[in-house]
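Student: Starting off with a structure, shown below.
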Amino acid sequence: MFSNYLIGLREGLEASLVVCILIAYLVKTGRRDALRPIWTGIGIAVAIAMGFGCVLEFGSQELTFEAQEALGGSLSIIAVGLVTWMVFWMRRTARHLKSELHGRLDAALAMGTGALVATAFLAVGREGLETALFVWASVHAASDGTPRPLVGVALGLATAILLGWLFYRGALRINLAKFFTWTGGMLVVVAAGVLAYGVHDLQEANWLPGIRSLAFDISDTVDPGSWYGTLLKGVFNFQPDPTVFQVTVWLLYLVPTLAVFLAPVGFASGKGKVTAPDDQGSRPTQAEQS
(Lines give C-alpha, C1' and ligand atoms only; values in the text may rest on other atoms or scores of the structure.)
Protein backbone atom coordinates (compact mmCIF):
# COMPACT_ATOMS: atom_id res chain seq x y z
CA MET A 1 0.00 0.00 0.00
CA PHE A 2 2.86 2.40 0.81
CA SER A 3 4.46 2.00 -2.59
CA ASN A 4 1.15 2.82 -4.29
CA TYR A 5 0.67 5.79 -1.95
CA LEU A 6 4.12 7.01 -2.96
CA ILE A 7 3.27 6.70 -6.65
CA GLY A 8 0.05 8.66 -6.22
CA LEU A 9 1.79 11.31 -4.12
CA ARG A 10 4.79 11.78 -6.38
CA GLU A 11 2.95 11.77 -9.70
CA GLY A 12 0.00 13.71 -8.35
CA LEU A 13 2.18 16.43 -6.85
CA GLU A 14 3.90 17.04 -10.17
CA ALA A 15 0.54 17.52 -11.85
CA SER A 16 -0.66 19.69 -8.95
CA LEU A 17 2.38 21.95 -9.26
CA VAL A 18 1.77 22.36 -12.99
CA VAL A 19 -1.86 23.35 -12.34
CA CYS A 20 -0.76 25.66 -9.51
CA ILE A 21 1.71 27.47 -11.78
CA LEU A 22 -0.77 27.87 -14.63
CA ILE A 23 -3.60 29.17 -12.45
CA ALA A 24 -1.40 31.47 -10.37
CA TYR A 25 0.11 33.04 -13.49
CA LEU A 26 -3.28 33.78 -15.04
CA VAL A 27 -4.59 35.25 -11.78
CA LYS A 28 -1.45 37.35 -11.28
CA THR A 29 -1.58 38.75 -14.83
CA GLY A 30 -5.29 39.54 -14.62
CA ARG A 31 -6.37 36.95 -17.18
CA ARG A 32 -9.08 35.23 -15.17
CA ASP A 33 -11.08 34.94 -18.38
CA ALA A 34 -8.62 32.26 -19.47
CA LEU A 35 -9.21 30.08 -16.40
CA ARG A 36 -12.18 28.20 -17.91
CA PRO A 37 -10.21 26.90 -20.96
CA ILE A 38 -7.39 25.87 -18.64
CA TRP A 39 -9.75 23.91 -16.39
CA THR A 40 -11.35 22.39 -19.49
CA GLY A 41 -7.98 21.13 -20.70
CA ILE A 42 -7.17 19.77 -17.25
CA GLY A 43 -10.55 18.02 -17.06
CA ILE A 44 -10.05 16.40 -20.47
CA ALA A 45 -6.57 15.21 -19.46
CA VAL A 46 -7.88 13.66 -16.23
CA ALA A 47 -10.77 11.98 -18.05
CA ILE A 48 -8.47 10.47 -20.69
CA ALA A 49 -6.04 9.23 -18.03
CA MET A 50 -8.88 7.56 -16.11
CA GLY A 51 -10.26 6.08 -19.32
CA PHE A 52 -6.81 4.73 -20.19
CA GLY A 53 -6.60 3.07 -16.78
CA CYS A 54 -10.04 1.51 -17.24
CA VAL A 55 -9.08 0.16 -20.66
CA LEU A 56 -5.96 -1.42 -19.18
CA GLU A 57 -7.86 -2.98 -16.29
CA PHE A 58 -11.03 -4.23 -17.96
CA GLY A 59 -9.57 -4.88 -21.40
CA SER A 60 -6.95 -7.26 -20.03
CA GLN A 61 -9.62 -9.39 -18.32
CA GLU A 62 -10.88 -10.60 -21.69
CA LEU A 63 -7.51 -12.14 -22.61
CA THR A 64 -6.19 -15.65 -22.04
CA PHE A 65 -3.83 -16.25 -19.12
CA GLU A 66 -0.72 -16.21 -21.33
CA ALA A 67 -1.89 -13.05 -23.10
CA GLN A 68 -2.63 -11.35 -19.75
CA GLU A 69 0.83 -12.20 -18.48
CA ALA A 70 2.45 -11.01 -21.70
CA LEU A 71 0.50 -7.75 -21.63
CA GLY A 72 1.15 -7.19 -17.93
CA GLY A 73 4.86 -7.87 -18.28
CA SER A 74 5.27 -5.68 -21.36
CA LEU A 75 3.36 -2.74 -19.86
CA SER A 76 5.27 -3.08 -16.59
CA ILE A 77 8.57 -2.70 -18.43
CA ILE A 78 7.23 0.27 -20.41
CA ALA A 79 5.94 1.86 -17.20
CA VAL A 80 9.33 1.46 -15.51
CA GLY A 81 11.01 3.11 -18.48
CA LEU A 82 8.60 6.07 -18.40
CA VAL A 83 8.90 6.53 -14.64
CA THR A 84 12.68 6.34 -14.77
CA TRP A 85 12.73 9.02 -17.46
CA MET A 86 10.27 11.09 -15.43
CA VAL A 87 12.28 11.15 -12.19
CA PHE A 88 15.46 12.15 -14.02
CA TRP A 89 13.56 14.75 -16.08
CA MET A 90 12.08 16.34 -12.97
CA ARG A 91 15.45 16.48 -11.24
CA ARG A 92 16.95 18.22 -14.27
CA THR A 93 14.16 20.66 -15.15
CA ALA A 94 12.33 21.40 -11.89
CA ARG A 95 14.17 24.69 -11.45
CA HIS A 96 13.00 25.97 -14.84
CA LEU A 97 9.50 24.47 -14.78
CA LYS A 98 7.76 27.77 -14.07
CA SER A 99 9.47 29.76 -16.82
CA GLU A 100 8.87 26.95 -19.33
CA LEU A 101 5.16 26.80 -18.53
CA HIS A 102 4.85 30.59 -18.57
CA GLY A 103 6.36 30.68 -22.05
CA ARG A 104 3.89 28.12 -23.33
CA LEU A 105 1.01 29.93 -21.65
CA ASP A 106 1.95 33.32 -23.13
CA ALA A 107 2.01 31.78 -26.60
CA ALA A 108 -1.34 30.07 -26.01
CA LEU A 109 -2.93 33.31 -24.76
CA ALA A 110 -1.93 34.99 -28.01
CA MET A 111 -3.46 32.16 -30.08
CA GLY A 112 -6.84 31.87 -28.36
CA THR A 113 -9.11 29.53 -26.40
CA GLY A 114 -8.26 26.33 -28.26
CA ALA A 115 -4.55 26.83 -27.64
CA LEU A 116 -5.19 27.35 -23.91
CA VAL A 117 -7.16 24.10 -23.71
CA ALA A 118 -4.39 22.28 -25.58
CA THR A 119 -1.66 23.77 -23.34
CA ALA A 120 -3.37 22.67 -20.14
CA PHE A 121 -4.21 19.27 -21.63
CA LEU A 122 -0.62 18.59 -22.74
CA ALA A 123 0.87 19.88 -19.48
CA VAL A 124 -1.30 17.62 -17.32
CA GLY A 125 -2.06 14.82 -19.77
CA ARG A 126 1.47 13.44 -19.90
CA GLU A 127 1.56 13.15 -16.12
CA GLY A 128 -1.89 11.56 -16.13
CA LEU A 129 -1.07 8.87 -18.68
CA GLU A 130 2.23 8.04 -16.99
CA THR A 131 0.45 7.81 -13.65
CA ALA A 132 -2.31 5.57 -15.04
CA LEU A 133 0.17 3.18 -16.63
CA PHE A 134 2.54 2.95 -13.67
CA VAL A 135 -0.31 2.68 -11.15
CA TRP A 136 -1.84 -0.15 -13.19
CA ALA A 137 1.50 -1.95 -13.40
CA SER A 138 2.20 -1.47 -9.68
CA VAL A 139 -1.27 -2.55 -8.59
CA HIS A 140 -1.02 -5.53 -10.94
CA ALA A 141 2.30 -6.47 -9.35
CA ALA A 142 1.25 -5.92 -5.73
CA SER A 143 -2.37 -7.05 -5.94
CA ASP A 144 -3.33 -9.31 -3.06
CA GLY A 145 -7.03 -9.54 -3.77
CA THR A 146 -7.83 -6.51 -1.59
CA PRO A 147 -8.51 -2.88 -2.51
CA ARG A 148 -5.51 -1.70 -0.49
CA PRO A 149 -3.29 -0.87 -3.50
CA LEU A 150 -6.01 1.31 -5.02
CA VAL A 151 -6.71 2.90 -1.64
CA GLY A 152 -3.01 3.73 -1.37
CA VAL A 153 -3.02 5.40 -4.79
CA ALA A 154 -6.18 7.36 -3.95
CA LEU A 155 -4.71 8.58 -0.66
CA GLY A 156 -1.50 9.61 -2.41
CA LEU A 157 -3.40 11.59 -5.04
CA ALA A 158 -5.57 13.22 -2.37
CA THR A 159 -2.46 14.25 -0.43
CA ALA A 160 -0.91 15.67 -3.60
CA ILE A 161 -4.02 17.73 -4.35
CA LEU A 162 -4.03 19.07 -0.78
CA LEU A 163 -0.33 19.98 -0.98
CA GLY A 164 -0.87 21.71 -4.32
CA TRP A 165 -3.72 23.76 -2.85
CA LEU A 166 -1.58 24.70 0.18
CA PHE A 167 1.24 25.79 -2.14
CA TYR A 168 -1.16 27.98 -4.07
CA ARG A 169 -2.59 29.56 -0.93
CA GLY A 170 0.90 30.22 0.39
CA ALA A 171 0.32 28.09 3.49
CA LEU A 172 3.11 25.59 2.80
CA ARG A 173 6.76 25.87 1.93
CA ILE A 174 9.08 22.90 1.50
CA ASN A 175 12.31 22.23 -0.34
CA LEU A 176 10.97 20.58 -3.47
CA ALA A 177 14.46 19.64 -4.67
CA LYS A 178 14.97 17.44 -1.62
CA PHE A 179 11.38 16.19 -1.78
CA PHE A 180 11.69 15.06 -5.39
CA THR A 181 15.15 13.60 -4.76
CA TRP A 182 14.00 11.42 -1.86
CA THR A 183 10.69 10.40 -3.39
CA GLY A 184 12.41 9.83 -6.73
CA GLY A 185 14.92 7.50 -5.08
CA MET A 186 12.14 5.56 -3.37
CA LEU A 187 10.23 5.43 -6.65
CA VAL A 188 13.27 3.88 -8.33
CA VAL A 189 13.19 1.12 -5.69
CA VAL A 190 9.48 0.57 -6.36
CA ALA A 191 10.14 0.56 -10.11
CA ALA A 192 12.80 -2.12 -9.66
CA GLY A 193 10.19 -4.37 -8.02
CA VAL A 194 7.68 -3.66 -10.80
CA LEU A 195 10.37 -4.48 -13.38
CA ALA A 196 11.19 -7.79 -11.69
CA TYR A 197 7.51 -8.67 -11.54
CA GLY A 198 7.14 -7.75 -15.21
CA VAL A 199 9.97 -10.13 -16.06
CA HIS A 200 8.20 -12.87 -14.10
CA ASP A 201 5.01 -12.21 -16.07
CA LEU A 202 6.90 -12.56 -19.34
CA GLN A 203 8.44 -15.81 -18.08
CA GLU A 204 4.98 -17.15 -17.26
CA ALA A 205 3.86 -16.14 -20.75
CA ASN A 206 6.82 -18.14 -22.14
CA TRP A 207 8.29 -14.98 -23.66
CA LEU A 208 11.39 -15.27 -21.49
CA PRO A 209 13.19 -18.42 -20.28
CA GLY A 210 14.11 -19.51 -16.76
CA ILE A 211 10.73 -19.76 -15.04
CA ARG A 212 11.90 -22.86 -13.12
CA SER A 213 15.38 -21.53 -12.25
CA LEU A 214 14.87 -20.03 -8.80
CA ALA A 215 17.51 -17.79 -7.25
CA PHE A 216 16.26 -18.77 -3.79
CA ASP A 217 13.10 -19.89 -2.07
CA ILE A 218 12.39 -18.61 1.44
CA SER A 219 8.64 -19.18 1.36
CA ASP A 220 8.93 -21.29 4.51
CA THR A 221 10.70 -18.42 6.30
CA VAL A 222 8.79 -15.44 4.91
CA ASP A 223 5.10 -16.23 4.70
CA PRO A 224 3.61 -14.10 1.90
CA GLY A 225 0.33 -14.01 3.83
CA SER A 226 1.88 -12.69 7.05
CA TRP A 227 1.90 -9.01 8.01
CA TYR A 228 5.63 -8.67 7.25
CA GLY A 229 5.28 -10.60 4.00
CA THR A 230 2.44 -8.30 2.98
CA LEU A 231 4.53 -5.27 3.99
CA LEU A 232 7.52 -6.42 1.92
CA LYS A 233 5.25 -7.18 -1.02
CA GLY A 234 3.45 -3.85 -0.79
CA VAL A 235 6.58 -1.68 -0.42
CA PHE A 236 9.19 -3.51 -2.48
CA ASN A 237 7.10 -5.97 -4.54
CA PHE A 238 9.15 -8.61 -2.73
CA GLN A 239 8.74 -12.20 -3.86
CA PRO A 240 10.05 -15.05 -1.63
CA ASP A 241 10.83 -17.31 -4.60
CA PRO A 242 12.17 -15.15 -7.46
CA THR A 243 13.85 -16.59 -10.52
CA VAL A 244 17.51 -15.99 -11.34
CA PHE A 245 16.42 -13.80 -14.25
CA GLN A 246 14.28 -11.64 -11.95
CA VAL A 247 17.05 -11.07 -9.41
CA THR A 248 19.57 -10.31 -12.15
CA VAL A 249 17.32 -7.75 -13.83
CA TRP A 250 16.41 -6.22 -10.46
CA LEU A 251 20.08 -5.69 -9.55
CA LEU A 252 21.11 -4.49 -13.02
CA TYR A 253 18.37 -1.85 -12.91
CA LEU A 254 18.37 -0.77 -9.28
CA VAL A 255 22.08 -0.38 -8.49
CA PRO A 256 23.23 1.78 -11.44
CA THR A 257 19.97 3.74 -11.71
CA LEU A 258 19.90 4.63 -8.02
CA ALA A 259 23.62 5.47 -8.03
CA VAL A 260 23.26 7.85 -10.98
CA PHE A 261 20.06 9.40 -9.64
CA LEU A 262 21.48 10.11 -6.18
CA ALA A 263 24.86 11.30 -7.48
CA PRO A 264 25.48 14.98 -6.61
CA VAL A 265 26.40 15.83 -10.20
CA GLY A 266 24.60 19.02 -11.21
CA PHE A 267 23.38 19.92 -7.73
CA ALA A 268 26.55 21.71 -6.77
CA SER A 269 25.90 24.31 -9.44
CA GLY A 270 22.33 24.78 -8.23
CA LYS A 271 20.53 22.63 -10.80
CA GLY A 272 17.36 21.19 -9.43
CA LYS A 273 17.34 23.41 -6.33
CA VAL A 274 13.85 24.72 -5.83
CA THR A 275 11.79 25.30 -2.74
CA ALA A 276 8.47 25.95 -4.41
CA PRO A 277 6.88 25.76 -7.84
CA ASP A 278 8.79 28.64 -9.37
CA ASP A 279 12.33 29.45 -10.37
CA GLN A 280 13.23 31.57 -7.37
CA GLY A 281 12.12 29.17 -4.65
CA SER A 282 9.02 31.21 -3.82
CA ARG A 283 5.48 30.10 -4.32
CA PRO A 284 2.36 31.77 -5.59
CA THR A 285 0.54 33.36 -2.70
CA GLN A 286 -2.54 35.41 -2.16
CA ALA A 287 -0.33 38.48 -2.18
CA GLU A 288 0.59 37.78 -5.80
CA GLN A 289 -3.05 37.83 -6.78
CA SER A 290 -3.43 41.50 -5.97
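Labels for the C-alpha coordinates follow display order: chains A, B, ..., residues from 1 in each chain, ligands from 1.
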Which residues come within 8 Å of Phe216 of chain A, counting only C-alpha atoms, excluding same-chain residues fewer than 6 positions away, as a VMD selection string?

Tutor: chain A and resid 240 to 243

Student: Identify, on the basis of only C-alpha atoms, every residue whose closest approach to Ile161 of chain A does not exceed 9 Å; exclude the query and any residue fewer than 3 positions from it along the same chain; express the result as a list in words.

Tutor: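 Final neighbour list, sorted by chain and number: Leu9, Gly12, Leu13, Ala15, Ser16, Gly156, Leu157, Ala158, Gly164, Trp165 and Leu166 of chain A.
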
Student: In Å to one decimal, how far is atom CA of Ala118 of chain A from atom CA of Val46 of chain A?

Tutor: 13.2 Å

Student: One decimal, Å: what's the distance from atom CA of Glu57 of chain A over to atom CA of Glu11 of chain A, could you say?

Tutor: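 Between atom CA of Glu57 of chain A and atom CA of Glu11 of chain A the gap is 19.4 Å.
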
Student: Any idea what the distance is between atom CA of Asp223 of chain A and atom CA of Val244 of chain A?

Tutor: 20.3 Å

Student: If you count only C-alpha atoms, which residues fall within 12 Å of Leu208 of chain A, apart from same-chain ones fewer than 6 positions away, as a PDB file with all heavy atoms, in the first residue's frame?

Tutor:
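So result03.pdb came out as:
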```pdb
ATOM      1  N   GLU A  69      -0.520 -12.280 -19.030  1.00  0.00           N
ATOM      2  CA  GLU A  69       0.832 -12.196 -18.477  1.00  0.00           C
ATOM      3  C   GLU A  69       1.764 -11.448 -19.427  1.00  0.00           C
ATOM      4  O   GLU A  69       2.601 -10.641 -18.991  1.00  0.00           O
ATOM      5  CB  GLU A  69       1.385 -13.601 -18.214  1.00  0.00           C
ATOM      6  CG  GLU A  69       0.601 -14.388 -17.174  1.00  0.00           C
ATOM      7  CD  GLU A  69       0.539 -13.665 -15.842  1.00  0.00           C
ATOM      8  OE1 GLU A  69       1.600 -13.505 -15.214  1.00  0.00           O
ATOM      9  OE2 GLU A  69      -0.557 -13.247 -15.439  1.00  0.00           O
ATOM     10  N   ALA A  70       1.623 -11.700 -20.718  1.00  0.00           N
ATOM     11  CA  ALA A  70       2.454 -11.014 -21.698  1.00  0.00           C
ATOM     12  C   ALA A  70       2.171  -9.516 -21.704  1.00  0.00           C
ATOM     13  O   ALA A  70       3.087  -8.682 -21.745  1.00  0.00           O
ATOM     14  CB  ALA A  70       2.226 -11.602 -23.093  1.00  0.00           C
ATOM     15  N   GLY A  73       3.407  -7.984 -18.306  1.00  0.00           N
ATOM     16  CA  GLY A  73       4.857  -7.873 -18.279  1.00  0.00           C
ATOM     17  C   GLY A  73       5.372  -6.774 -19.188  1.00  0.00           C
ATOM     18  O   GLY A  73       6.253  -5.987 -18.807  1.00  0.00           O
ATOM     19  N   SER A  74       4.822  -6.697 -20.396  1.00  0.00           N
ATOM     20  CA  SER A  74       5.270  -5.681 -21.356  1.00  0.00           C
ATOM     21  C   SER A  74       4.967  -4.273 -20.855  1.00  0.00           C
ATOM     22  O   SER A  74       5.827  -3.375 -20.903  1.00  0.00           O
ATOM     23  CB  SER A  74       4.599  -5.906 -22.710  1.00  0.00           C
ATOM     24  OG  SER A  74       4.902  -7.187 -23.228  1.00  0.00           O
ATOM     25  N   GLY A 198       7.417  -7.716 -13.779  1.00  0.00           N
ATOM     26  CA  GLY A 198       7.137  -7.751 -15.206  1.00  0.00           C
ATOM     27  C   GLY A 198       7.904  -8.857 -15.906  1.00  0.00           C
ATOM     28  O   GLY A 198       7.381  -9.535 -16.802  1.00  0.00           O
ATOM     29  N   VAL A 199       9.168  -9.040 -15.504  1.00  0.00           N
ATOM     30  CA  VAL A 199       9.973 -10.129 -16.063  1.00  0.00           C
ATOM     31  C   VAL A 199       9.345 -11.479 -15.734  1.00  0.00           C
ATOM     32  O   VAL A 199       9.282 -12.382 -16.584  1.00  0.00           O
ATOM     33  CB  VAL A 199      11.410 -10.050 -15.520  1.00  0.00           C
ATOM     34  CG1 VAL A 199      12.183 -11.334 -15.834  1.00  0.00           C
ATOM     35  CG2 VAL A 199      12.132  -8.846 -16.109  1.00  0.00           C
ATOM     36  N   HIS A 200       8.852 -11.611 -14.487  1.00  0.00           N
ATOM     37  CA  HIS A 200       8.204 -12.868 -14.101  1.00  0.00           C
ATOM     38  C   HIS A 200       6.959 -13.123 -14.937  1.00  0.00           C
ATOM     39  O   HIS A 200       6.684 -14.264 -15.342  1.00  0.00           O
ATOM     40  CB  HIS A 200       7.841 -12.821 -12.616  1.00  0.00           C
ATOM     41  CG  HIS A 200       7.284 -14.104 -12.089  1.00  0.00           C
ATOM     42  ND1 HIS A 200       5.925 -14.350 -12.009  1.00  0.00           N
ATOM     43  CD2 HIS A 200       7.896 -15.235 -11.620  1.00  0.00           C
ATOM     44  CE1 HIS A 200       5.726 -15.555 -11.518  1.00  0.00           C
ATOM     45  NE2 HIS A 200       6.904 -16.118 -11.275  1.00  0.00           N
ATOM     46  N   ASP A 201       6.187 -12.063 -15.210  1.00  0.00           N
ATOM     47  CA  ASP A 201       5.012 -12.214 -16.071  1.00  0.00           C
ATOM     48  C   ASP A 201       5.397 -12.718 -17.453  1.00  0.00           C
ATOM     49  O   ASP A 201       4.738 -13.600 -18.024  1.00  0.00           O
ATOM     50  CB  ASP A 201       4.281 -10.874 -16.209  1.00  0.00           C
ATOM     51  CG  ASP A 201       3.391 -10.572 -15.007  1.00  0.00           C
ATOM     52  OD1 ASP A 201       3.209 -11.477 -14.170  1.00  0.00           O
ATOM     53  OD2 ASP A 201       2.887  -9.437 -14.917  1.00  0.00           O
ATOM     54  N   LEU A 202       6.450 -12.151 -18.010  1.00  0.00           N
ATOM     55  CA  LEU A 202       6.902 -12.565 -19.340  1.00  0.00           C
ATOM     56  C   LEU A 202       7.434 -13.998 -19.323  1.00  0.00           C
ATOM     57  O   LEU A 202       7.311 -14.724 -20.320  1.00  0.00           O
ATOM     58  CB  LEU A 202       7.974 -11.609 -19.850  1.00  0.00           C
ATOM     59  CG  LEU A 202       7.503 -10.182 -20.158  1.00  0.00           C
ATOM     60  CD1 LEU A 202       8.664  -9.324 -20.653  1.00  0.00           C
ATOM     61  CD2 LEU A 202       6.374 -10.175 -21.189  1.00  0.00           C
ATOM     62  N   THR A 243      12.970 -15.856  -9.608  1.00  0.00           N
ATOM     63  CA  THR A 243      13.847 -16.586 -10.521  1.00  0.00           C
ATOM     64  C   THR A 243      15.195 -15.879 -10.612  1.00  0.00           C
ATOM     65  O   THR A 243      15.347 -14.712 -10.207  1.00  0.00           O
ATOM     66  CB  THR A 243      13.228 -16.673 -11.922  1.00  0.00           C
ATOM     67  OG1 THR A 243      13.134 -15.347 -12.480  1.00  0.00           O
ATOM     68  CG2 THR A 243      11.839 -17.291 -11.865  1.00  0.00           C
ATOM     69  N   VAL A 244      16.175 -16.578 -11.145  1.00  0.00           N
ATOM     70  CA  VAL A 244      17.505 -15.990 -11.335  1.00  0.00           C
ATOM     71  C   VAL A 244      17.413 -14.777 -12.256  1.00  0.00           C
ATOM     72  O   VAL A 244      18.060 -13.743 -12.031  1.00  0.00           O
ATOM     73  CB  VAL A 244      18.476 -17.044 -11.921  1.00  0.00           C
ATOM     74  CG1 VAL A 244      19.819 -16.393 -12.268  1.00  0.00           C
ATOM     75  CG2 VAL A 244      18.680 -18.189 -10.934  1.00  0.00           C
ATOM     76  N   PHE A 245      16.597 -14.896 -13.293  1.00  0.00           N
ATOM     77  CA  PHE A 245      16.419 -13.801 -14.248  1.00  0.00           C
ATOM     78  C   PHE A 245      15.863 -12.556 -13.549  1.00  0.00           C
ATOM     79  O   PHE A 245      16.312 -11.434 -13.765  1.00  0.00           O
ATOM     80  CB  PHE A 245      15.482 -14.246 -15.368  1.00  0.00           C
ATOM     81  CG  PHE A 245      15.670 -13.517 -16.666  1.00  0.00           C
ATOM     82  CD1 PHE A 245      15.272 -14.086 -17.870  1.00  0.00           C
ATOM     83  CD2 PHE A 245      16.232 -12.241 -16.711  1.00  0.00           C
ATOM     84  CE1 PHE A 245      15.432 -13.423 -19.074  1.00  0.00           C
ATOM     85  CE2 PHE A 245      16.402 -11.570 -17.912  1.00  0.00           C
ATOM     86  CZ  PHE A 245      15.993 -12.155 -19.086  1.00  0.00           C
ATOM     87  N   GLN A 246      14.867 -12.761 -12.680  1.00  0.00           N
ATOM     88  CA  GLN A 246      14.278 -11.639 -11.953  1.00  0.00           C
ATOM     89  C   GLN A 246      15.301 -10.913 -11.091  1.00  0.00           C
ATOM     90  O   GLN A 246      15.390  -9.674 -11.111  1.00  0.00           O
ATOM     91  CB  GLN A 246      13.143 -12.136 -11.046  1.00  0.00           C
ATOM     92  CG  GLN A 246      11.819 -12.376 -11.738  1.00  0.00           C
ATOM     93  CD  GLN A 246      10.763 -12.789 -10.745  1.00  0.00           C
ATOM     94  OE1 GLN A 246      10.623 -13.969 -10.426  1.00  0.00           O
ATOM     95  NE2 GLN A 246      10.002 -11.830 -10.254  1.00  0.00           N
TER      96      GLN A 246
END
```

Student: Taking 2 positions as the minimum chain separation for residues in the same chain, which residues sit within 10 Å of Leu22 of chain A when counting only C-alpha atoms? Answer as a VMD selection string.

Tutor: chain A and resid 16 to 20 24 to 27 35 38 to 39 98 101 to 102 104 to 105 119 to 120 123

Student: Please list as JSON, numbers by chain every residue within 10 Å of Ala154 of chain A, counting only C-alpha atoms and excluding residues in the same chain fewer than 4 positions away.

Tutor: {"A": [4, 5, 7, 8, 9, 12, 148, 149, 150, 158, 159, 160]}

Student: What are the closest atom pairs, with distances in Å to one decimal, for each residue of segment 138-205 of chain A lying within 8 Å of segment 77-87 of chain A, using only C-alpha atoms, rows by chain and rising residue number, as a Markdown table?

Tutor:
```
| residue | atom | partner | partner_atom | distance |
| --- | --- | --- | --- | --- |
| A:Phe180 | CA | A:Val87 | CA | 7.9 |
| A:Gly184 | CA | A:Val87 | CA | 5.6 |
| A:Val188 | CA | A:Thr84 | CA | 6.9 |
| A:Ala191 | CA | A:Val80 | CA | 5.5 |
| A:Ala192 | CA | A:Val80 | CA | 7.7 |
| A:Val194 | CA | A:Val80 | CA | 7.2 |
| A:Leu195 | CA | A:Ile77 | CA | 5.6 |
| A:Gly198 | CA | A:Ile77 | CA | 6.2 |
| A:Val199 | CA | A:Ile77 | CA | 7.9 |
```

Student: Keeping only all heavy atoms, write those residues as a PDB file, in the first residue's frame.

Tutor:
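Result written to part_39.pdb:
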```pdb
ATOM      1  N   PHE A 180      11.687  15.860  -4.177  1.00  0.00           N
ATOM      2  CA  PHE A 180      11.686  15.063  -5.393  1.00  0.00           C
ATOM      3  C   PHE A 180      12.893  14.117  -5.453  1.00  0.00           C
ATOM      4  O   PHE A 180      12.828  13.071  -6.090  1.00  0.00           O
ATOM      5  CB  PHE A 180      11.650  15.960  -6.620  1.00  0.00           C
ATOM      6  CG  PHE A 180      10.288  16.514  -6.916  1.00  0.00           C
ATOM      7  CD1 PHE A 180      10.064  17.873  -6.996  1.00  0.00           C
ATOM      8  CD2 PHE A 180       9.211  15.669  -7.105  1.00  0.00           C
ATOM      9  CE1 PHE A 180       8.804  18.379  -7.263  1.00  0.00           C
ATOM     10  CE2 PHE A 180       7.938  16.162  -7.376  1.00  0.00           C
ATOM     11  CZ  PHE A 180       7.738  17.519  -7.446  1.00  0.00           C
ATOM     12  N   GLY A 184      11.931  10.428  -5.490  1.00  0.00           N
ATOM     13  CA  GLY A 184      12.411   9.834  -6.731  1.00  0.00           C
ATOM     14  C   GLY A 184      13.251   8.597  -6.460  1.00  0.00           C
ATOM     15  O   GLY A 184      13.118   7.575  -7.157  1.00  0.00           O
ATOM     16  N   VAL A 188      12.379   4.763  -7.587  1.00  0.00           N
ATOM     17  CA  VAL A 188      13.272   3.878  -8.331  1.00  0.00           C
ATOM     18  C   VAL A 188      13.268   2.484  -7.713  1.00  0.00           C
ATOM     19  O   VAL A 188      13.266   1.467  -8.423  1.00  0.00           O
ATOM     20  CB  VAL A 188      14.703   4.460  -8.370  1.00  0.00           C
ATOM     21  CG1 VAL A 188      15.703   3.416  -8.876  1.00  0.00           C
ATOM     22  CG2 VAL A 188      14.751   5.688  -9.263  1.00  0.00           C
ATOM     23  N   ALA A 191      10.080   0.917  -8.691  1.00  0.00           N
ATOM     24  CA  ALA A 191      10.143   0.558 -10.108  1.00  0.00           C
ATOM     25  C   ALA A 191      10.956  -0.718 -10.328  1.00  0.00           C
ATOM     26  O   ALA A 191      10.629  -1.520 -11.209  1.00  0.00           O
ATOM     27  CB  ALA A 191      10.746   1.712 -10.915  1.00  0.00           C
ATOM     28  N   ALA A 192      12.002  -0.901  -9.533  1.00  0.00           N
ATOM     29  CA  ALA A 192      12.800  -2.125  -9.657  1.00  0.00           C
ATOM     30  C   ALA A 192      11.950  -3.359  -9.358  1.00  0.00           C
ATOM     31  O   ALA A 192      12.050  -4.383 -10.051  1.00  0.00           O
ATOM     32  CB  ALA A 192      14.001  -2.067  -8.707  1.00  0.00           C
ATOM     33  N   VAL A 194       8.633  -3.529  -9.686  1.00  0.00           N
ATOM     34  CA  VAL A 194       7.685  -3.661 -10.796  1.00  0.00           C
ATOM     35  C   VAL A 194       8.369  -4.301 -12.000  1.00  0.00           C
ATOM     36  O   VAL A 194       7.787  -5.141 -12.698  1.00  0.00           O
ATOM     37  CB  VAL A 194       7.097  -2.285 -11.164  1.00  0.00           C
ATOM     38  CG1 VAL A 194       6.248  -2.388 -12.434  1.00  0.00           C
ATOM     39  CG2 VAL A 194       6.251  -1.748 -10.014  1.00  0.00           C
ATOM     40  N   LEU A 195       9.615  -3.911 -12.262  1.00  0.00           N
ATOM     41  CA  LEU A 195      10.365  -4.481 -13.384  1.00  0.00           C
ATOM     42  C   LEU A 195      10.585  -5.979 -13.187  1.00  0.00           C
ATOM     43  O   LEU A 195      10.393  -6.774 -14.119  1.00  0.00           O
ATOM     44  CB  LEU A 195      11.711  -3.764 -13.520  1.00  0.00           C
ATOM     45  CG  LEU A 195      12.629  -4.270 -14.634  1.00  0.00           C
ATOM     46  CD1 LEU A 195      11.977  -4.091 -16.000  1.00  0.00           C
ATOM     47  CD2 LEU A 195      13.973  -3.526 -14.587  1.00  0.00           C
ATOM     48  N   GLY A 198       7.417  -7.716 -13.779  1.00  0.00           N
ATOM     49  CA  GLY A 198       7.137  -7.751 -15.206  1.00  0.00           C
ATOM     50  C   GLY A 198       7.904  -8.857 -15.906  1.00  0.00           C
ATOM     51  O   GLY A 198       7.381  -9.535 -16.802  1.00  0.00           O
ATOM     52  N   VAL A 199       9.168  -9.040 -15.504  1.00  0.00           N
ATOM     53  CA  VAL A 199       9.973 -10.129 -16.063  1.00  0.00           C
ATOM     54  C   VAL A 199       9.345 -11.479 -15.734  1.00  0.00           C
ATOM     55  O   VAL A 199       9.282 -12.382 -16.584  1.00  0.00           O
ATOM     56  CB  VAL A 199      11.410 -10.050 -15.520  1.00  0.00           C
ATOM     57  CG1 VAL A 199      12.183 -11.334 -15.834  1.00  0.00           C
ATOM     58  CG2 VAL A 199      12.132  -8.846 -16.109  1.00  0.00           C
TER      59      VAL A 199
END
```
